[in-house]
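Asks: Handing you this structure, nothing more for now.
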Amino acid sequence: MAENNECTHDCSTCSQNCSSRENSAPTYDAPHKDSHIKHVIGVVSGKGGVGKSIVTSMLATAMRRRDYDVAILDADITGPSIPKAFGAKGDILSTGDGLLPLETKTGIKMISVNLLLEDETRPVVWRGPVIAGTVKQFWTDVVWGDVDYMFIDCPPGTGDVPLTVFQSIKLDGIVIVTTPQELVSMIVKKAVNMAALMNIPVIGLVENMSYVKCPDCGKEIHVFGQSKAEEVCAEYNIPFLGRLPMDPALSALCDKGIIELMENDYIDPVADAVCKL
């Protein structure tokens, strides 16, 4: 690729794979000095509406049940939904040296722009650089304390914010969320290729909304057609972590803000893969 004559020499805001990037090791922002975070996992998708936030919520809940110290950084600034799933409300307090994350009923720490707004329905109408800067501040200015696993709920796509997360925060890997449609399979490939470009390991792919189970006979009905996930995983040599059903009971828990009361093992294969890190 040709060199960009207008290079700003700030790789944190650029996706070009130029010689300047190739000849230098990646530099990441350090978390707050009082934060001790062992593993950071990004939960990503190539497009919106695939259930990335519910996967993040379920995964955090499952890891907390395994007695790990867990945190969620909600990087989906314009469409935050993590606090709603956990019923998290309250003021984000400042110590004068940083912000304190809110804790859920089971002790999951979280930060989200919705926790900073007086009205959670108020739209966040910010330009890309401001949004990206907010995500950075969630990493550098929040006093996370001791965390075994932090999950970052990334916004969909491969734009400013996912790029900021990939370049500013040292990720141990990403979990890609998809749905069965053929279109989404194509979008998944973009996410896989972006991870490869940024040298970030792919922990695996989980397919959401794979089927709905008939309450009478138990038959699995594939609403969106047959899955292509395993084919995509085989093509890119990444692990396939399983399928999640469309479960009205699980949706109801999210709507009520009590996802931590879920009584299923859908997400366990993904949690197992994360534990193997």
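All residue names refer to the structure tokens as shown: chains lettered A, B, ... in order, residues numbered from 1 in each chain, ligands numbered from 1 in order.
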Write out as number ranges by chain all residues of range 28-129 of chain A that DSSP puts in helix (DSSP H, G or I) for this structure's backbone.
Replies: A: 52-65, 82-86, 113-115, 128-129
Asks: Show me, as number ranges by chain, the residues that have an atom within 12 Å of range 154-156 of chain A when counting only C-alpha atoms, minus same-chain residues fewer than 2 positions from it.
Replies: A: 41-53, 55-56, 72-82, 112, 131-132, 135, 151-152, 158-166, 174-178, 184, 187-188, 190-191
Asks: Those residues with C-alpha atoms, as a PDB file, in the first residue's frame please?
Replies:
```
ATOM      1  CA  ILE A  41     -11.890  -9.539  25.937  1.00  0.00           C
ATOM      2  CA  GLY A  42     -13.655  -7.646  23.167  1.00  0.00           C
ATOM      3  CA  VAL A  43     -17.129  -8.745  22.081  1.00  0.00           C
ATOM      4  CA  VAL A  44     -17.612  -7.622  18.502  1.00  0.00           C
ATOM      5  CA  SER A  45     -19.879  -7.967  15.496  1.00  0.00           C
ATOM      6  CA  GLY A  46     -19.672  -6.833  11.913  1.00  0.00           C
ATOM      7  CA  LYS A  47     -23.167  -5.353  12.033  1.00  0.00           C
ATOM      8  CA  GLY A  48     -25.797  -4.283  14.519  1.00  0.00           C
ATOM      9  CA  GLY A  49     -28.747  -6.224  15.823  1.00  0.00           C
ATOM     10  CA  VAL A  50     -27.043  -9.595  16.274  1.00  0.00           C
ATOM     11  CA  GLY A  51     -27.274  -9.652  20.082  1.00  0.00           C
ATOM     12  CA  LYS A  52     -23.738  -8.648  20.951  1.00  0.00           C
ATOM     13  CA  SER A  53     -24.761  -6.934  24.181  1.00  0.00           C
ATOM     14  CA  VAL A  55     -23.805 -12.175  24.740  1.00  0.00           C
ATOM     15  CA  THR A  56     -21.594  -9.782  26.711  1.00  0.00           C
ATOM     16  CA  ILE A  72     -17.883  -4.617  31.592  1.00  0.00           C
ATOM     17  CA  LEU A  73     -16.778  -1.559  29.639  1.00  0.00           C
ATOM     18  CA  ASP A  74     -19.707  -0.523  27.460  1.00  0.00           C
ATOM     19  CA  ALA A  75     -18.036   0.974  24.391  1.00  0.00           C
ATOM     20  CA  ASP A  76     -21.295   1.231  22.446  1.00  0.00           C
ATOM     21  CA  ILE A  77     -21.663   4.920  23.208  1.00  0.00           C
ATOM     22  CA  THR A  78     -24.572   5.725  20.911  1.00  0.00           C
ATOM     23  CA  GLY A  79     -26.521   2.529  21.611  1.00  0.00           C
ATOM     24  CA  PRO A  80     -25.719   1.456  25.168  1.00  0.00           C
ATOM     25  CA  SER A  81     -27.841  -1.380  26.542  1.00  0.00           C
ATOM     26  CA  ILE A  82     -25.667  -3.074  29.156  1.00  0.00           C
ATOM     27  CA  SER A 112     -21.563   3.027  30.375  1.00  0.00           C
ATOM     28  CA  ILE A 131     -17.075   9.075  21.047  1.00  0.00           C
ATOM     29  CA  ALA A 132     -13.660   7.461  20.636  1.00  0.00           C
ATOM     30  CA  VAL A 135     -14.153   5.090  25.273  1.00  0.00           C
ATOM     31  CA  PHE A 151     -15.440  -7.583  28.656  1.00  0.00           C
ATOM     32  CA  ILE A 152     -15.684  -4.684  26.227  1.00  0.00           C
ATOM     33  CA  THR A 158     -15.190  -1.626  11.814  1.00  0.00           C
ATOM     34  CA  GLY A 159     -15.285   2.141  12.320  1.00  0.00           C
ATOM     35  CA  ASP A 160     -13.812   4.671  14.736  1.00  0.00           C
ATOM     36  CA  VAL A 161     -14.719   3.089  18.065  1.00  0.00           C
ATOM     37  CA  PRO A 162     -13.778  -0.549  17.361  1.00  0.00           C
ATOM     38  CA  LEU A 163     -10.549   0.780  15.865  1.00  0.00           C
ATOM     39  CA  THR A 164      -9.917   2.869  18.990  1.00  0.00           C
ATOM     40  CA  VAL A 165     -10.507  -0.179  21.208  1.00  0.00           C
ATOM     41  CA  PHE A 166      -8.210  -2.380  19.125  1.00  0.00           C
ATOM     42  CA  ILE A 174     -12.170 -11.106  20.742  1.00  0.00           C
ATOM     43  CA  VAL A 175     -15.411 -13.059  20.603  1.00  0.00           C
ATOM     44  CA  ILE A 176     -17.321 -12.526  17.363  1.00  0.00           C
ATOM     45  CA  VAL A 177     -21.123 -12.637  17.477  1.00  0.00           C
ATOM     46  CA  THR A 178     -23.175 -13.462  14.414  1.00  0.00           C
ATOM     47  CA  VAL A 184     -24.094 -11.654   8.274  1.00  0.00           C
ATOM     48  CA  ILE A 187     -19.916  -9.229   7.560  1.00  0.00           C
ATOM     49  CA  VAL A 188     -18.248 -11.678   9.970  1.00  0.00           C
ATOM     50  CA  LYS A 190     -14.800  -8.322   7.749  1.00  0.00           C
ATOM     51  CA  ALA A 191     -14.495  -8.566  11.533  1.00  0.00           C
TER      52      ALA A 191
END
```
Asks: Would you mind writing down, as a count of residues only, each residue of range 58-158 of chain A that DSSP on the backbone assigns to strand (DSSP E)?
Replies: 18
Asks: Compile the contact shell of Gly225 in chain A as a ChimeraX atom specification: residues with an atom at most 8 Å away, counting only C-alpha atoms, same-chain residues fewer than 3 positions apart removed.
Replies: /A:180-181,222
Asks: Skipping near chain neighbours, those fewer than 3 positions away, what residues fall within 9 Å of Ile258 in chain A using only C-alpha atoms, listed as a PyMOL selection string?
Replies: chain A and resi 84-87+252-255+261-262
Asks: Determine the nearest neighbour of Asp29 in chain A from the options A:Ala71, A:Thr104, A:Gln137, A:Ala62, counting only C-alpha atoms.
Replies: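 Using only C-alpha atoms, Asp29 in chain A sits closest to A:Gln137.
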